[in-house]
Amino acid sequence: MRQRTVRVDLHCHTHRSHDSATSYKALVGACQRRGIDVIAITDHNRIEGALEFRDTVGQRCVVGEEVRTTEGEIIGLFLEEFIPPRLSPEEPIAEIKRQGGVVYVPHPFDRIRRGVITPEALHRVAPLLDAVEVLNARLHSASQNGEALRFAQERGLLQAGSDAHTAFEVGRAGVEMADFADAESFKRALASARVFGKPSIPLVHLASSFHKYRKRYLPGWTSI
């Protein structure tokens, strides 16, 4: 019997992130429009939104967190507990593994964005990683996404793609893979997955900049 295939967006932000205002309803609608079966909620340094989404919304969800370390960002997938920021990269990696999760590095070769893991840290923790984001949809340099792909291929790491901060971006990049039930079956399925999609338009960065500004300086502003 042929195994069911699912389309997965592995790097999504909600209004719980400092640079996003995407509501749960908007996320669900975007998944329906783009044929996304599963999304990973990976808010910056927070997990309560992902847990709430999983427990209250009908859309299938993987709980994650994009953790800011002292040397750049690392994503944990299949989490149940919050991981605090501003630790060394090795500390959240150890905690992700303690929770039985998946260690995933986003946008490793982006040379403009703040929060990117440093080259020194990336090479130091490479043996501890499960997956690398080889198609970051907010990175408009094919060569830098290509560097990530080569890095993953040379080390036998799993490959992923996405980075959605607005509903418009959900499903523009992702992976098509065999269905999975937990972190271990996810990793097995990701080994033969197909990364699909293309970068979003550069204007999406303006949306994130606006939401950073309004959350800091206009806390009473109401998002949709």
# chains A, B, ... in the order shown; residues from 1 in each chain; ligands from 1
>>> closest_atom_pairs(of="stretch 64-129 of chain A", to="stretch 167-186 of chain A", cutoff="8 Å", atoms="only C-alpha atoms", output="CSV")
residue,atom,partner,partner_atom,distance
A:Leu77,CA,A:Ala183,CA,7.9
A:Phe78,CA,A:Ala183,CA,6.2
A:Gly100,CA,A:Ala183,CA,7.1
A:Gly101,CA,A:Ala183,CA,6.1
A:Val102,CA,A:Ala183,CA,6.6
>>> write_last_selection(atoms="N, CA and C atoms", output="PDB file, in the first residue's frame")
ATOM      1  N   LEU A  77      11.948  21.312  17.177  1.00  0.00           N
ATOM      2  CA  LEU A  77      10.626  20.811  16.791  1.00  0.00           C
ATOM      3  C   LEU A  77      10.237  19.653  17.694  1.00  0.00           C
ATOM      4  N   PHE A  78       8.931  19.429  17.829  1.00  0.00           N
ATOM      5  CA  PHE A  78       8.372  18.376  18.683  1.00  0.00           C
ATOM      6  C   PHE A  78       8.721  18.638  20.153  1.00  0.00           C
ATOM      7  N   GLY A 100      13.214  14.878  23.291  1.00  0.00           N
ATOM      8  CA  GLY A 100      12.933  13.974  22.176  1.00  0.00           C
ATOM      9  C   GLY A 100      12.635  14.696  20.883  1.00  0.00           C
ATOM     10  N   GLY A 101      13.108  15.947  20.769  1.00  0.00           N
ATOM     11  CA  GLY A 101      12.786  16.759  19.610  1.00  0.00           C
ATOM     12  C   GLY A 101      13.799  16.685  18.490  1.00  0.00           C
ATOM     13  N   VAL A 102      13.589  17.549  17.508  1.00  0.00           N
ATOM     14  CA  VAL A 102      14.409  17.626  16.306  1.00  0.00           C
ATOM     15  C   VAL A 102      15.142  18.963  16.307  1.00  0.00           C
TER      16      VAL A 102
END
>>> residues_around(residues="A:Ile41", least_positions_apart="2", cutoff="10 Å", atoms="only C-alpha atoms", output="number ranges by chain")
A: 9-14, 27, 38-39, 43-44, 46-47, 49-51, 53-54, 61-66, 77-78, 164
>>> write_last_selection(atoms="C-alpha atoms", output="compact mmCIF listing (two decimals), in the first residue's frame")
# COMPACT_ATOMS: atom_id res chain seq x y z
CA ASP A 9 5.57 24.09 6.40
CA LEU A 10 8.27 23.73 9.05
CA HIS A 11 8.90 27.36 10.07
CA CYS A 12 5.84 29.51 10.84
CA HIS A 13 5.34 32.45 13.18
CA THR A 14 2.18 33.72 14.85
CA LEU A 27 -2.74 30.54 9.45
CA VAL A 38 0.93 20.26 8.72
CA ILE A 39 2.62 23.40 10.02
CA ASP A 43 7.68 31.54 17.45
CA HIS A 44 10.73 33.44 18.63
CA ARG A 46 8.14 31.40 23.03
CA ILE A 47 6.21 28.16 22.97
CA GLY A 49 1.33 30.02 21.15
CA ALA A 50 2.35 26.75 19.49
CA LEU A 51 0.89 24.73 22.37
CA PHE A 53 -2.60 26.38 18.51
CA ARG A 54 -2.09 22.62 18.71
CA CYS A 61 0.60 21.27 14.10
CA VAL A 62 4.13 20.48 15.26
CA VAL A 63 5.11 22.46 18.36
CA GLY A 64 8.42 24.25 17.96
CA GLU A 65 10.43 27.25 19.10
CA GLU A 66 13.02 29.44 17.38
CA LEU A 77 10.63 20.81 16.79
CA PHE A 78 8.37 18.38 18.68
CA ALA A 164 6.58 32.40 7.18
>>> closest_residue(among="A:Lys25, A:His107, A:Lys187, A:Arg138", to="A:Gly58", atoms="only C-alpha atoms")
A:Lys25
>>> select_by_dssp(residues="stretch 28-191 of chain A", states="helix (DSSP H, G or I)", output="NGL selection string")
:A and (28-34 or 48-56 or 90-98 or 119-128 or 142-155 or 167-169 or 183-190)
>>> write_last_selection(atoms="C-alpha atoms", output="PDB file, in the first residue's frame")
ATOM      1  CA  VAL A  28      -5.481  27.944   9.047  1.00  0.00           C
ATOM      2  CA  GLY A  29      -6.912  29.783   6.045  1.00  0.00           C
ATOM      3  CA  ALA A  30      -3.487  29.982   4.425  1.00  0.00           C
ATOM      4  CA  CYS A  31      -2.951  26.253   4.916  1.00  0.00           C
ATOM      5  CA  GLN A  32      -6.275  25.512   3.265  1.00  0.00           C
ATOM      6  CA  ARG A  33      -5.513  27.755   0.298  1.00  0.00           C
ATOM      7  CA  ARG A  34      -2.042  26.338  -0.291  1.00  0.00           C
ATOM      8  CA  GLU A  48       2.816  28.965  24.487  1.00  0.00           C
ATOM      9  CA  GLY A  49       1.331  30.016  21.147  1.00  0.00           C
ATOM     10  CA  ALA A  50       2.350  26.751  19.494  1.00  0.00           C
ATOM     11  CA  LEU A  51       0.891  24.732  22.374  1.00  0.00           C
ATOM     12  CA  GLU A  52      -2.332  26.751  22.289  1.00  0.00           C
ATOM     13  CA  PHE A  53      -2.603  26.377  18.512  1.00  0.00           C
ATOM     14  CA  ARG A  54      -2.093  22.618  18.712  1.00  0.00           C
ATOM     15  CA  ASP A  55      -4.616  22.171  21.512  1.00  0.00           C
ATOM     16  CA  THR A  56      -7.373  24.508  20.308  1.00  0.00           C
ATOM     17  CA  GLU A  90      24.922  23.605  22.866  1.00  0.00           C
ATOM     18  CA  GLU A  91      22.519  24.141  25.781  1.00  0.00           C
ATOM     19  CA  PRO A  92      19.233  24.415  23.818  1.00  0.00           C
ATOM     20  CA  ILE A  93      20.396  21.610  21.530  1.00  0.00           C
ATOM     21  CA  ALA A  94      20.837  19.376  24.567  1.00  0.00           C
ATOM     22  CA  GLU A  95      17.399  20.419  25.854  1.00  0.00           C
ATOM     23  CA  ILE A  96      15.726  19.759  22.495  1.00  0.00           C
ATOM     24  CA  LYS A  97      17.235  16.283  22.486  1.00  0.00           C
ATOM     25  CA  ARG A  98      16.187  15.724  26.110  1.00  0.00           C
ATOM     26  CA  PRO A 119      29.870  30.337  11.185  1.00  0.00           C
ATOM     27  CA  GLU A 120      31.975  29.240  14.157  1.00  0.00           C
ATOM     28  CA  ALA A 121      28.964  27.951  16.083  1.00  0.00           C
ATOM     29  CA  LEU A 122      27.441  26.298  13.005  1.00  0.00           C
ATOM     30  CA  HIS A 123      30.534  24.237  12.311  1.00  0.00           C
ATOM     31  CA  ARG A 124      31.013  23.454  15.992  1.00  0.00           C
ATOM     32  CA  VAL A 125      27.496  22.074  16.493  1.00  0.00           C
ATOM     33  CA  ALA A 126      27.110  20.475  13.047  1.00  0.00           C
ATOM     34  CA  PRO A 127      27.523  16.933  14.463  1.00  0.00           C
ATOM     35  CA  LEU A 128      24.614  17.628  16.837  1.00  0.00           C
ATOM     36  CA  ALA A 142      20.087  31.709  -4.423  1.00  0.00           C
ATOM     37  CA  SER A 143      23.794  31.385  -3.665  1.00  0.00           C
ATOM     38  CA  GLN A 144      23.255  31.592   0.112  1.00  0.00           C
ATOM     39  CA  ASN A 145      20.458  29.032   0.013  1.00  0.00           C
ATOM     40  CA  GLY A 146      22.818  26.981  -2.136  1.00  0.00           C
ATOM     41  CA  GLU A 147      25.497  27.179   0.550  1.00  0.00           C
ATOM     42  CA  ALA A 148      23.015  25.759   3.036  1.00  0.00           C
ATOM     43  CA  LEU A 149      22.160  22.916   0.662  1.00  0.00           C
ATOM     44  CA  ARG A 150      25.826  22.023   0.175  1.00  0.00           C
ATOM     45  CA  PHE A 151      26.433  22.208   3.932  1.00  0.00           C
ATOM     46  CA  ALA A 152      23.591  19.746   4.540  1.00  0.00           C
ATOM     47  CA  GLN A 153      24.597  17.404   1.734  1.00  0.00           C
ATOM     48  CA  GLU A 154      28.250  17.270   2.765  1.00  0.00           C
ATOM     49  CA  ARG A 155      27.295  16.306   6.325  1.00  0.00           C
ATOM     50  CA  ALA A 167      -0.237  34.383   6.131  1.00  0.00           C
ATOM     51  CA  PHE A 168       0.828  35.289   2.578  1.00  0.00           C
ATOM     52  CA  GLU A 169       4.088  33.381   3.121  1.00  0.00           C
ATOM     53  CA  ALA A 183       9.787  12.957  15.930  1.00  0.00           C
ATOM     54  CA  GLU A 184      11.439   9.684  14.975  1.00  0.00           C
ATOM     55  CA  SER A 185       9.077   8.878  12.104  1.00  0.00           C
ATOM     56  CA  PHE A 186       9.351  12.534  11.048  1.00  0.00           C
ATOM     57  CA  LYS A 187      13.132  12.244  10.710  1.00  0.00           C
ATOM     58  CA  ARG A 188      12.838   9.018   8.744  1.00  0.00           C
ATOM     59  CA  ALA A 189      10.307  10.624   6.388  1.00  0.00           C
ATOM     60  CA  LEU A 190      12.318  13.842   6.013  1.00  0.00           C
TER      61      LEU A 190
END
>>> residues_around(residues="stretch 131-133 of chain A", least_positions_apart="6", cutoff="7 Å", atoms="only C-alpha atoms", output="number ranges by chain")
A: 103-107, 148, 152, 157-161
>>> write_last_selection(atoms="N, CA and C atoms", output="mmCIF file, in the first residue's frame")
data_model
loop_
_atom_site.group_PDB
_atom_site.id
_atom_site.type_symbol
_atom_site.label_atom_id
_atom_site.label_comp_id
_atom_site.auth_asym_id
_atom_site.auth_seq_id
_atom_site.Cartn_x
_atom_site.Cartn_y
_atom_site.Cartn_z
ATOM 1 N N VAL A 103 16.451 18.929 16.079
ATOM 2 C CA VAL A 103 17.289 20.140 16.062
ATOM 3 C C VAL A 103 17.448 20.608 14.620
ATOM 4 N N TYR A 104 17.075 21.856 14.386
ATOM 5 C CA TYR A 104 16.916 22.359 13.014
ATOM 6 C C TYR A 104 17.496 23.781 12.981
ATOM 7 N N VAL A 105 18.428 24.043 12.084
ATOM 8 C CA VAL A 105 19.035 25.374 11.987
ATOM 9 C C VAL A 105 18.418 26.138 10.816
ATOM 10 N N PRO A 106 17.811 27.305 11.085
ATOM 11 C CA PRO A 106 17.227 28.107 10.009
ATOM 12 C C PRO A 106 18.254 29.070 9.400
ATOM 13 N N HIS A 107 18.032 29.417 8.144
ATOM 14 C CA HIS A 107 18.804 30.444 7.415
ATOM 15 C C HIS A 107 20.276 30.543 7.843
ATOM 16 N N ALA A 148 23.679 26.582 2.021
ATOM 17 C CA ALA A 148 23.015 25.759 3.036
ATOM 18 C C ALA A 148 22.777 24.349 2.518
ATOM 19 N N ALA A 152 24.400 20.898 4.117
ATOM 20 C CA ALA A 152 23.591 19.746 4.540
ATOM 21 C C ALA A 152 24.023 18.480 3.816
ATOM 22 N N LEU A 157 22.963 15.786 6.504
ATOM 23 C CA LEU A 157 21.895 16.318 7.344
ATOM 24 C C LEU A 157 20.585 16.378 6.568
ATOM 25 N N LEU A 158 19.484 16.304 7.283
ATOM 26 C CA LEU A 158 18.165 16.411 6.674
ATOM 27 C C LEU A 158 17.944 17.832 6.166
ATOM 28 N N GLN A 159 17.047 17.977 5.184
ATOM 29 C CA GLN A 159 16.854 19.265 4.521
ATOM 30 C C GLN A 159 15.418 19.749 4.670
ATOM 31 N N ALA A 160 15.274 21.059 4.866
ATOM 32 C CA ALA A 160 13.948 21.652 5.041
ATOM 33 C C ALA A 160 13.914 23.029 4.395
ATOM 34 N N GLY A 161 12.715 23.633 4.379
ATOM 35 C CA GLY A 161 12.574 24.960 3.814
ATOM 36 C C GLY A 161 11.300 25.630 4.270
#
>>> select_by_dssp(residues="stretch 74-221 of chain A", states="strand (DSSP E)", output="ChimeraX atom specification")
/A:74-77,102-105,131-136,158-162,173-178,194-197
>>> atom_distance(atom1="atom CA of A:Ile112", atom2="atom CA of A:Asp163")
15.3 Å
